[in-house]
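Asker: Structure file run.pdb, PDB, C-alpha atoms, is pasted below:
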```pdb
ATOM      1  CA  HIS A   1      -2.109  -5.194 -12.515
ATOM      2  CA  VAL A   2       1.196  -5.700 -14.306
ATOM      3  CA  ALA A   3       3.212  -2.942 -15.982
ATOM      4  CA  GLU A   4       6.280  -3.547 -18.151
ATOM      5  CA  VAL A   5       8.344  -1.345 -20.477
ATOM      6  CA  VAL A   6       8.257  -2.883 -23.947
ATOM      7  CA  GLU A   7      10.042  -2.247 -27.245
ATOM      8  CA  GLY A   8       9.756   1.383 -28.295
ATOM      9  CA  GLY A   9       9.563   2.659 -24.729
ATOM     10  CA  ASN A  10       5.837   2.199 -24.241
ATOM     11  CA  VAL A  11       4.476   0.704 -21.022
ATOM     12  CA  LEU A  12       2.193  -2.322 -21.205
ATOM     13  CA  ILE A  13      -0.504  -2.287 -18.481
ATOM     14  CA  ALA A  14      -2.700  -5.376 -18.181
ATOM     15  CA  GLY A  15      -5.315  -6.839 -15.856
ATOM     16  CA  GLY A  16      -5.781  -5.915 -12.215
ATOM     17  CA  CYS A  17      -8.663  -4.575 -10.131
ATOM     18  CA  THR A  18     -10.862  -1.674 -11.211
ATOM     19  CA  ALA A  19     -12.591  -1.068  -7.874
ATOM     20  CA  PRO A  20     -12.687  -2.384  -4.286
ATOM     21  CA  PRO A  21     -12.992  -5.160  -3.302
ATOM     22  CA  CYS A  22     -11.280  -6.119  -6.595
ATOM     23  CA  ALA A  23     -13.508  -6.153  -9.650
ATOM     24  CA  VAL A  24     -11.130  -8.147 -11.862
ATOM     25  CA  THR A  25     -10.511  -6.938 -15.423
ATOM     26  CA  SER A  26      -8.934  -8.305 -18.606
ATOM     27  CA  SER A  27      -8.312  -4.884 -20.159
ATOM     28  CA  ALA A  28      -4.891  -3.929 -21.499
ATOM     29  CA  GLU A  29      -3.409  -0.603 -22.594
ATOM     30  CA  LEU A  30      -0.202   0.954 -23.861
ATOM     31  CA  LEU A  31       1.027   4.137 -22.200
ATOM     32  CA  ASP A  32       3.292   6.370 -24.293
ATOM     33  CA  PRO A  33       5.425   8.339 -21.800
ATOM     34  CA  GLN A  34       6.541  10.771 -24.494
ATOM     35  CA  ASN A  35       3.115  12.347 -24.949
ATOM     36  CA  GLY A  36       1.120  10.801 -22.093
ATOM     37  CA  SER A  37      -1.341   9.071 -24.392
ATOM     38  CA  VAL A  38      -3.003   5.762 -23.485
ATOM     39  CA  THR A  39      -4.086   3.358 -26.233
ATOM     40  CA  PRO A  40      -6.394   0.380 -25.540
ATOM     41  CA  ILE A  41      -5.236  -2.901 -27.094
ATOM     42  CA  ASP A  42      -6.735  -6.392 -27.319
ATOM     43  CA  PRO A  43      -7.444  -7.628 -23.781
ATOM     44  CA  LEU A  44      -5.994 -10.557 -21.904
ATOM     45  CA  PRO A  45      -7.855 -13.789 -22.728
ATOM     46  CA  ILE A  46      -9.194 -13.935 -19.151
ATOM     47  CA  LYS A  47      -9.840 -11.508 -16.309
ATOM     48  CA  LEU A  48      -6.942 -11.553 -13.824
ATOM     49  CA  ALA A  49      -5.534  -9.743 -10.815
ATOM     50  CA  GLY A  50      -2.375 -10.478  -8.866
ATOM     51  CA  GLN A  51      -0.578 -11.920 -11.892
ATOM     52  CA  ALA A  52       3.206 -11.703 -12.320
ATOM     53  CA  SER A  53       5.191 -10.526 -15.341
ATOM     54  CA  THR A  54       8.668 -10.022 -16.752
ATOM     55  CA  VAL A  55      10.187  -8.922 -20.071
ATOM     56  CA  LEU A  56      12.014 -11.804 -21.771
ATOM     57  CA  ALA A  57      15.316 -11.495 -23.612
ATOM     58  CA  ASP A  58      13.513 -11.481 -26.983
ATOM     59  CA  GLY A  59      11.312  -8.534 -25.954
ATOM     60  CA  ARG A  60       8.113 -10.464 -25.313
ATOM     61  CA  VAL A  61       6.355 -10.120 -21.951
ATOM     62  CA  LEU A  62       5.591 -13.233 -19.920
ATOM     63  CA  ILE A  63       2.422 -12.899 -17.813
ATOM     64  CA  VAL A  64       1.655 -15.792 -15.475
ATOM     65  CA  GLY A  65      -0.908 -16.870 -12.927
ATOM     66  CA  GLY A  66      -3.208 -14.433 -11.255
ATOM     67  CA  CYS A  67      -6.619 -14.918  -9.681
ATOM     68  CA  THR A  68     -10.229 -14.288 -10.498
ATOM     69  CA  THR A  69     -12.624 -13.629  -7.633
ATOM     70  CA  THR A  70     -13.244 -17.379  -7.351
ATOM     71  CA  GLU A  71     -10.055 -19.248  -8.288
ATOM     72  CA  SER A  72      -6.350 -19.059  -9.043
ATOM     73  CA  SER A  73      -5.102 -19.395 -12.605
ATOM     74  CA  GLY A  74      -2.392 -21.693 -13.888
ATOM     75  CA  ARG A  75      -2.420 -20.138 -17.357
ATOM     76  CA  SER A  76       0.498 -18.254 -18.941
ATOM     77  CA  PHE A  77       0.518 -15.690 -21.735
ATOM     78  CA  LEU A  78       3.137 -14.066 -23.950
ATOM     79  CA  TYR A  79       2.622 -10.497 -25.144
ATOM     80  CA  SER A  80       4.171  -9.611 -28.508
ATOM     81  CA  PRO A  81       5.066  -5.890 -28.815
ATOM     82  CA  ALA A  82       5.143  -6.168 -32.604
ATOM     83  CA  GLU A  83       1.652  -7.662 -32.887
ATOM     84  CA  ARG A  84       0.237  -6.027 -29.740
ATOM     85  CA  THR A  85      -1.482  -9.305 -28.922
ATOM     86  CA  PHE A  86      -1.443 -11.956 -26.187
ATOM     87  CA  GLU A  87      -0.746 -15.593 -27.047
ATOM     88  CA  GLU A  88      -1.295 -18.427 -24.583
ATOM     89  CA  THR A  89       1.707 -20.615 -23.807
ATOM     90  CA  ALA A  90       2.157 -23.731 -21.642
ATOM     91  CA  PRO A  91       0.291 -23.719 -18.313
ATOM     92  CA  MET A  92       2.107 -23.728 -15.006
ATOM     93  CA  GLN A  93       2.247 -26.875 -12.894
ATOM     94  CA  GLU A  94       0.202 -25.141 -10.173
ATOM     95  CA  GLY A  95      -2.175 -22.177 -10.277
ATOM     96  CA  ARG A  96      -1.196 -19.173  -8.163
ATOM     97  CA  CYS A  97      -1.452 -15.412  -7.790
ATOM     98  CA  ARG A  98       0.729 -12.851  -5.997
ATOM     99  CA  ALA A  99       3.808 -14.896  -6.937
ATOM    100  CA  GLU A 100       7.269 -13.515  -7.755
ATOM    101  CA  LEU A 101       9.120 -13.812 -11.088
ATOM    102  CA  SER A 102      12.873 -13.402 -11.568
ATOM    103  CA  GLN A 103      14.726 -13.897 -14.837
ATOM    104  CA  LEU A 104      17.906 -15.992 -14.820
ATOM    105  CA  ARG A 105      21.012 -15.145 -16.838
ATOM    106  CA  ASP A 106      20.298 -17.955 -19.324
ATOM    107  CA  GLY A 107      16.856 -16.507 -20.107
ATOM    108  CA  ARG A 108      14.791 -18.917 -18.020
ATOM    109  CA  VAL A 109      12.400 -17.490 -15.445
ATOM    110  CA  LEU A 110      12.008 -18.502 -11.795
ATOM    111  CA  LEU A 111       8.486 -18.401 -10.331
ATOM    112  CA  SER A 112       8.240 -18.626  -6.541
ATOM    113  CA  GLY A 113       5.515 -18.839  -3.901
ATOM    114  CA  GLY A 114       2.213 -17.018  -4.076
ATOM    115  CA  CYS A 115      -1.415 -17.536  -3.060
ATOM    116  CA  THR A 116      -4.051 -20.076  -4.027
ATOM    117  CA  THR A 117      -6.869 -17.460  -4.065
ATOM    118  CA  ILE A 118      -7.208 -13.681  -4.444
ATOM    119  CA  ASP A 119      -7.734 -13.499  -0.653
ATOM    120  CA  CYS A 120      -4.675 -15.729  -0.128
ATOM    121  CA  ASN A 121      -6.508 -18.550   1.662
ATOM    122  CA  GLY A 122      -3.497 -20.767   0.961
ATOM    123  CA  VAL A 123       0.200 -19.838   0.658
ATOM    124  CA  LEU A 124       2.595 -21.867  -1.507
ATOM    125  CA  ALA A 125       6.186 -22.999  -0.976
ATOM    126  CA  SER A 126       6.388 -24.445  -4.480
ATOM    127  CA  ALA A 127       8.450 -23.003  -7.321
ATOM    128  CA  GLU A 128       8.736 -23.530 -11.080
ATOM    129  CA  LEU A 129      11.052 -22.677 -13.980
ATOM    130  CA  PHE A 130       9.842 -21.406 -17.359
ATOM    131  CA  ASP A 131      11.996 -22.038 -20.445
ATOM    132  CA  PRO A 132      11.021 -19.544 -23.194
ATOM    133  CA  ARG A 133      12.831 -21.546 -25.881
ATOM    134  CA  ALA A 134      10.919 -24.738 -25.135
ATOM    135  CA  GLY A 135       7.782 -22.931 -23.986
ATOM    136  CA  SER A 136       7.521 -25.241 -20.982
ATOM    137  CA  TRP A 137       7.407 -25.226 -17.164
ATOM    138  CA  GLN A 138       9.489 -27.401 -14.843
ATOM    139  CA  SER A 139       8.627 -28.091 -11.205
ATOM    140  CA  LEU A 140      11.394 -27.442  -8.676
ATOM    141  CA  PRO A 141      12.097 -28.641  -5.147
ATOM    142  CA  PRO A 142      10.094 -26.340  -2.843
ATOM    143  CA  MET A 143      11.376 -23.439  -0.812
ATOM    144  CA  ALA A 144      11.981 -23.976   2.904
ATOM    145  CA  SER A 145       9.076 -21.637   3.699
ATOM    146  CA  ALA A 146       5.737 -20.971   2.065
ATOM    147  CA  ARG A 147       5.774 -17.316   0.987
ATOM    148  CA  ALA A 148       3.427 -14.661  -0.358
ATOM    149  CA  GLY A 149       4.004 -10.937  -0.193
ATOM    150  CA  HIS A 150       7.690 -11.832  -0.444
ATOM    151  CA  TYR A 151      10.562 -10.349  -2.445
ATOM    152  CA  SER A 152      12.759 -11.814  -5.173
ATOM    153  CA  ALA A 153      15.811 -10.454  -7.012
ATOM    154  CA  ALA A 154      18.108 -12.043  -9.602
ATOM    155  CA  LEU A 155      21.720 -11.389  -8.574
ATOM    156  CA  ARG A 156      24.619 -10.726 -10.918
ATOM    157  CA  ASP A 157      26.251 -14.055 -10.008
ATOM    158  CA  GLY A 158      23.239 -15.939 -11.385
ATOM    159  CA  ARG A 159      21.545 -16.824  -8.122
ATOM    160  CA  VAL A 160      18.148 -15.476  -7.035
ATOM    161  CA  LEU A 161      17.519 -14.003  -3.590
ATOM    162  CA  VAL A 162      14.046 -14.841  -2.218
ATOM    163  CA  GLY A 163      12.921 -13.781   1.244
ATOM    164  CA  GLY A 164      10.369 -12.363   3.628
ATOM    165  CA  GLY A 165       6.633 -12.590   3.136
ATOM    166  CA  CYS A 166       3.926 -14.397   5.098
ATOM    167  CA  ALA A 167       3.288 -18.119   5.329
ATOM    168  CA  ASP A 168      -0.450 -18.088   6.025
ATOM    169  CA  GLN A 169      -3.567 -16.115   5.185
ATOM    170  CA  ARG A 170      -3.718 -14.355   8.555
ATOM    171  CA  CYS A 171      -0.055 -13.382   8.276
ATOM    172  CA  SER A 172       0.356 -14.648  11.842
ATOM    173  CA  GLN A 173       4.144 -14.546  11.409
ATOM    174  CA  VAL A 174       6.018 -12.166   9.121
ATOM    175  CA  LEU A 175       9.170 -13.863   7.834
ATOM    176  CA  SER A 176      12.674 -12.410   7.991
ATOM    177  CA  ASP A 177      14.554 -15.401   6.563
ATOM    178  CA  SER A 178      15.851 -15.622   3.005
ATOM    179  CA  GLU A 179      16.838 -18.319   0.534
ATOM    180  CA  LEU A 180      19.080 -18.409  -2.520
ATOM    181  CA  PHE A 181      18.032 -20.277  -5.645
ATOM    182  CA  ASP A 182      21.029 -21.822  -7.411
ATOM    183  CA  PRO A 183      20.260 -22.451 -11.103
ATOM    184  CA  LYS A 184      23.139 -24.962 -11.331
ATOM    185  CA  SER A 185      21.622 -27.309  -8.763
ATOM    186  CA  ALA A 186      18.035 -26.084  -9.361
ATOM    187  CA  GLN A 187      17.526 -25.923  -5.598
ATOM    188  CA  PHE A 188      16.934 -23.368  -2.858
ATOM    189  CA  VAL A 189      19.628 -23.022  -0.182
ATOM    190  CA  ALA A 190      19.119 -21.304   3.158
ATOM    191  CA  SER A 191      20.740 -17.883   3.442
ATOM    192  CA  ALA A 192      20.978 -15.204   6.135
ATOM    193  CA  ALA A 193      17.957 -13.722   7.852
ATOM    194  CA  GLY A 194      17.215 -10.063   7.300
ATOM    195  CA  GLN A 195      17.485  -7.493  10.050
ATOM    196  CA  ARG A 196      13.686  -7.168  10.154
ATOM    197  CA  PRO A 197      10.737  -9.344   9.157
ATOM    198  CA  ARG A 198       9.110  -7.939   6.010
ATOM    199  CA  PHE A 199       6.070  -8.482   3.838
ATOM    200  CA  GLY A 200       5.321  -6.255   0.881
ATOM    201  CA  ALA A 201       9.025  -5.415   0.590
ATOM    202  CA  VAL A 202      10.681  -5.063  -2.814
ATOM    203  CA  ALA A 203      14.153  -6.348  -3.711
ATOM    204  CA  VAL A 204      16.110  -5.037  -6.689
ATOM    205  CA  PRO A 205      19.563  -6.110  -7.923
ATOM    206  CA  LEU A 206      22.281  -3.480  -7.878
ATOM    207  CA  PRO A 207      25.097  -3.083 -10.452
ATOM    208  CA  ASN A 208      27.751  -4.141  -7.905
ATOM    209  CA  GLY A 209      26.152  -7.584  -7.523
ATOM    210  CA  ASN A 210      24.331  -6.933  -4.262
ATOM    211  CA  ALA A 211      20.627  -6.252  -3.738
ATOM    212  CA  LEU A 212      18.559  -3.503  -2.123
ATOM    213  CA  VAL A 213      15.630  -4.688   0.015
ATOM    214  CA  SER A 214      13.218  -1.789   0.264
ATOM    215  CA  GLN A 215      10.818  -1.250   3.164
ATOM    216  CA  GLY A 216       7.618  -3.287   3.580
ATOM    217  CA  CYS A 217       5.876  -4.109   6.866
ATOM    218  CA  ALA A 218       7.059  -5.929   9.967
ATOM    219  CA  SER A 219       3.471  -6.652  11.005
ATOM    220  CA  ARG A 220      -0.036  -6.060   9.689
ATOM    221  CA  ASP A 221      -0.161  -2.594  11.290
ATOM    222  CA  ASN A 222       3.511  -1.604  11.297
ATOM    223  CA  CYS A 223       4.960  -0.549   7.942
ATOM    224  CA  ASP A 224       8.286   1.194   8.301
ATOM    225  CA  LEU A 225      11.006   3.289   6.714
ATOM    226  CA  THR A 226      13.870   0.808   6.938
ATOM    227  CA  ASN A 227      15.952  -0.517   4.047
ATOM    228  CA  GLU A 228      18.577  -3.247   3.927
ATOM    229  CA  LEU A 229      21.512  -4.152   1.719
ATOM    230  CA  PHE A 230      22.088  -7.830   0.911
ATOM    231  CA  ASP A 231      25.791  -8.612   0.361
ATOM    232  CA  ALA A 232      25.821 -11.477  -2.130
ATOM    233  CA  LYS A 233      29.411 -12.478  -1.371
ATOM    234  CA  ASP A 234      29.066 -12.610   2.413
ATOM    235  CA  GLN A 235      25.369 -13.577   2.346
ATOM    236  CA  SER A 236      24.582 -10.950   4.974
ATOM    237  CA  PHE A 237      22.107  -8.111   5.484
ATOM    238  CA  ALA A 238      23.002  -4.634   6.733
ATOM    239  CA  MET A 239      20.691  -1.739   7.554
ATOM    240  CA  LEU A 240      20.784   1.339   5.321
ATOM    241  CA  GLU A 241      19.634   4.916   5.762
ATOM    242  CA  PRO A 242      15.836   4.906   6.222
ATOM    243  CA  ALA A 243      13.398   6.147   3.605
ATOM    244  CA  VAL A 244      11.306   9.305   3.982
ATOM    245  CA  THR A 245       7.845   7.757   3.470
ATOM    246  CA  THR A 246       6.541   4.399   4.718
ATOM    247  CA  ARG A 247       5.705   2.028   1.858
ATOM    248  CA  ALA A 248       4.707  -1.581   1.237
ATOM    249  CA  LEU A 249       3.703  -3.416  -1.944
ATOM    250  CA  HIS A 250       5.316  -0.548  -3.836
ATOM    251  CA  GLY A 251       7.570  -0.202  -6.866
ATOM    252  CA  VAL A 252      11.340   0.306  -7.009
ATOM    253  CA  VAL A 253      13.235   1.214 -10.180
ATOM    254  CA  VAL A 254      17.022   1.481 -10.577
ATOM    255  CA  THR A 255      17.834   4.172 -13.149
ATOM    256  CA  SER A 256      20.637   4.116 -15.707
ATOM    257  CA  ASP A 257      22.776   6.282 -13.405
ATOM    258  CA  ASN A 258      22.328   3.811 -10.531
ATOM    259  CA  VAL A 259      19.736   5.668  -8.466
ATOM    260  CA  ALA A 260      17.001   3.562  -6.843
ATOM    261  CA  ILE A 261      13.596   5.272  -6.827
ATOM    262  CA  ALA A 262      10.771   3.961  -4.624
ATOM    263  CA  ASN A 263       7.235   4.977  -5.569
ATOM    264  CA  GLY A 264       3.625   4.259  -4.723
ATOM    265  CA  GLY A 265       2.556   1.467  -2.419
ATOM    266  CA  CYS A 266       0.374   1.498   0.677
ATOM    267  CA  GLN A 267       0.643   2.368   4.358
ATOM    268  CA  PRO A 268      -0.817   0.631   7.446
ATOM    269  CA  SER A 269      -4.161   2.437   7.286
ATOM    270  CA  SER A 270      -4.652   1.325   3.671
ATOM    271  CA  CYS A 271      -2.583  -1.882   3.513
ATOM    272  CA  SER A 272      -4.053  -5.386   3.641
ATOM    273  CA  TRP A 273      -1.105  -7.714   3.166
ATOM    274  CA  TRP A 274      -2.819  -9.890   0.579
TER     275      TRP A 274
END
```
Would you encode the structure as structure tokens?
Answerer:
Amino acid sequence: HVAEVVEGGNVLIAGGCTAPPCAVTSSAELLDPQNGSVTPIDPLPIKLAGQASTVLADGRVLIVGGCTTTESSGRSFLYSPAERTFEETAPMQEGRCRAELSQLRDGRVLLSGGCTTIDCNGVLASAELFDPRAGSWQSLPPMASARAGHYSAALRDGRVLVGGGCADQRCSQVLSDSELFDPKSAQFVASAAGQRPRFGAVAVPLPNGNALVSQGCASRDNCDLTNELFDAKDQSFAMLEPAVTTRALHGVVVTSDNVAIANGGCQPSSCSWW
């Protein structure tokens, strides 16, 4: 499912799986963290899992892609906190689920990689840009590697770090390489390789302009405690103090006092990469 903090401090939760092996739902709710209440709202127009989301500069939530049990979706929706409703916007150029979204400094949104089905039978190298003002998608030159289960983080200098993931359904090779998307040239440029291959890792931008790359798995049965710091100026990765609990496909939040908190996720005994 997707979960985003919206205007007023509530958390929008939409779509996802209700039971193994992924009974896809369209339901949506608002969680009020002040009193713990959960309020159902109008559902998504279609049932989806593995969709991506981000909060736009105007407060709306962009929800894109996702998969049903039979096909990937190229549809995009905008959630309005004021109306508590979903409105369909322009479709993507290519349907996908398990993709990554990162918002650029000018308000546009980069969409990268992902899977062609809920079981990730095909992995994509393609990328697109969404312009909220025009309500349109633009195809981009592809990444050097097809990626799903990868990480993406918008850096303070305007570029977007994209790396790791798997290039095929079997995850026969976990990727360690990274790329930088330059919004000026609208292209991906090769960057440094990480210290370890990672799928299911999470990257978050830090206030000093660098990025934290948190955990993930080096293979299908080896999820680890390691973390790395990406230096945006030198384009290099350095190992950090390890975490306490192994995690992949988890969440990482940077608080207002600059503390990064990792939560949830899965471990090798419960972790299928796609």
Asker: Can you list, as a list of chain:residue names, every protein, DNA or RNA residue that comes within 9 Å of range 224-241 of chain A when you count only C-alpha atoms, leaving out same-chain residues fewer than 2 positions away?
Answerer: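 In the requested form, the answer reads A:Leu155, A:Arg156, A:Asp157, A:Leu161, A:Ser191, A:Ala192, A:Ala193, A:Gly194, A:Gln195, A:Arg196, A:Gly209, A:Asn210, A:Ala211, A:Leu212, A:Val213, A:Ser214, A:Gln215, A:Gly216, A:Cys217, A:Ala218, A:Asn222, A:Ala243, A:Val244, A:Thr245, A:Thr246, A:Arg247, A:Ala248, A:Gln267.
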Asker: Report, in Å with one decimal, the straight-line distance from CA of Ala14 in chain A to CA of Ile63 in chain A.
Answerer: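 Between these atoms lies a distance of 9.1 Å.
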Asker: Specify as a PyMOL selection string each residue included when the PyMOL selection byres ((chain A and resi 93) around 8) is applied to this file.
Answerer: chain A and resi 74+91-92+94-95+128+137-139
Asker: For CA of Thr68 in chain A and CA of Asn10 in chain A, determine how far apart the two atoms are, in Å to one decimal place.
Answerer: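 These two atoms are separated by 26.8 Å.
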Asker: Which residue gives the smallest distance to Ala167 in chain A among A:Pro81, A:Pro132, A:Pro45, A:Gly122, with all atoms listed in the file counted?
Answerer: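 Once distances to Ala167 in chain A are computed over all atoms listed in the file, the minimum belongs to A:Gly122.
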Asker: Run through the PyMOL selection byres ((chain A and resi 83-88) around 12) on the given coordinates and return the selected residues as a PyMOL selection string.
Answerer: chain A and resi 6-7+10-14+26-30+39-46+59-65+74-82+89-92+135-136
Asker: Applied to this file, what does the PyMOL selection byres ((chain A and resi 100) around 10) return in terms of residues, put as a list in words?
Answerer: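 Applied to this file, the PyMOL selection byres ((chain A and resi 100) around 10) returns Gln51, Ala52, Ser53, Thr54, Val64, Cys97, Arg98, Ala99, Leu101, Ser102, Leu110, Leu111, Ser112, Gly113, Gly114, Ala127, Arg147, Ala148, Gly149, His150, Tyr151, Ser152, Ala153 and Val162 of chain A.
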Asker: CA of Thr18 in chain A and CA of Arg170 in chain A, how far apart in Å?
Answerer: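 One can read the CA of Arg170 in chain A to CA of Thr18 in chain A distance as 24.5 Å.
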Asker: Which is closest to Ser72 in chain A among A:Ser37, A:Ser256, A:Asn208, A:Thr116, if we use all atoms listed in the file?
Answerer: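 Going through A:Ser37, A:Ser256, A:Asn208, A:Thr116 one by one, the smallest distance to Ser72 in chain A is for A:Thr116.
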Asker: Identify the residues within 9 Å of coordinate (10.1, -25.9, 0.4) (same frame as the file), considering only C-alpha atoms, and give the answer as a PyMOL selection string.
Answerer: chain A and resi 124-127+141-146+188
Asker: Would you list the contacts of Pro197 in chain A as a ChimeraX atom specification, taking every protein, DNA or RNA residue within 8 Å and counting all atoms listed in the file, but skipping same-chain residues closer than 3 positions in sequence?
Answerer: /A:164-165,174-177,194,217-219
Asker: Pick the closest to Pro21 in chain A from A:Ile118, A:Gly265, A:Asp106, A:Gly66: which is it, counting all atoms listed in the file?
Answerer: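 Going through A:Ile118, A:Gly265, A:Asp106, A:Gly66 one by one, the smallest distance to Pro21 in chain A is for A:Ile118.
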Asker: Let me make sure I understand: among A:Ala134, A:Glu71, A:Val2, A:Phe181, which one has the smallest atom-to-atom distance to Gly251 in chain A if we use all atoms listed in the file?
Answerer: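 Comparing A:Ala134, A:Glu71, A:Val2, A:Phe181 against Gly251 in chain A, the winner is A:Val2.
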Asker: Using all atoms listed in the file, give me every residue within 8 Å of (8.2, 8.3, -25.5) in file coordinates, as a ChimeraX atom specification.
Answerer: /A:8-10,32-35
Asker: I need the residue nearest Ser73 in chain A from this list: A:Ala190, A:Asp58, A:Arg105, A:Cys115. Use all atoms listed in the file for the distance.
Answerer: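 For Ser73 in chain A, the nearest of the given residues is A:Cys115.
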Asker: Taking only C-alpha atoms into account, name the residue in A:Val253, A:Val123, A:Ala186, A:Cys22 that is nearest to Glu4 in chain A.
Answerer: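 With only C-alpha atoms as the atom set, the closest residue is A:Val253.
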Asker: Do you know which residues are at most 6 Å from Ala49 in chain A counting only C-alpha atoms, after dropping those on the same chain fewer than 6 positions away, and could you put them as a tab-separated table (two decimals) with C-alpha atoms, keeping the file's coordinate frame?
Answerer:
```
chain	number	residue	atom	x	y	z
A	1	HIS	CA	-2.11	-5.19	-12.52
A	15	GLY	CA	-5.32	-6.84	-15.86
A	16	GLY	CA	-5.78	-5.92	-12.22
A	24	VAL	CA	-11.13	-8.15	-11.86
A	66	GLY	CA	-3.21	-14.43	-11.26
A	67	CYS	CA	-6.62	-14.92	-9.68
```
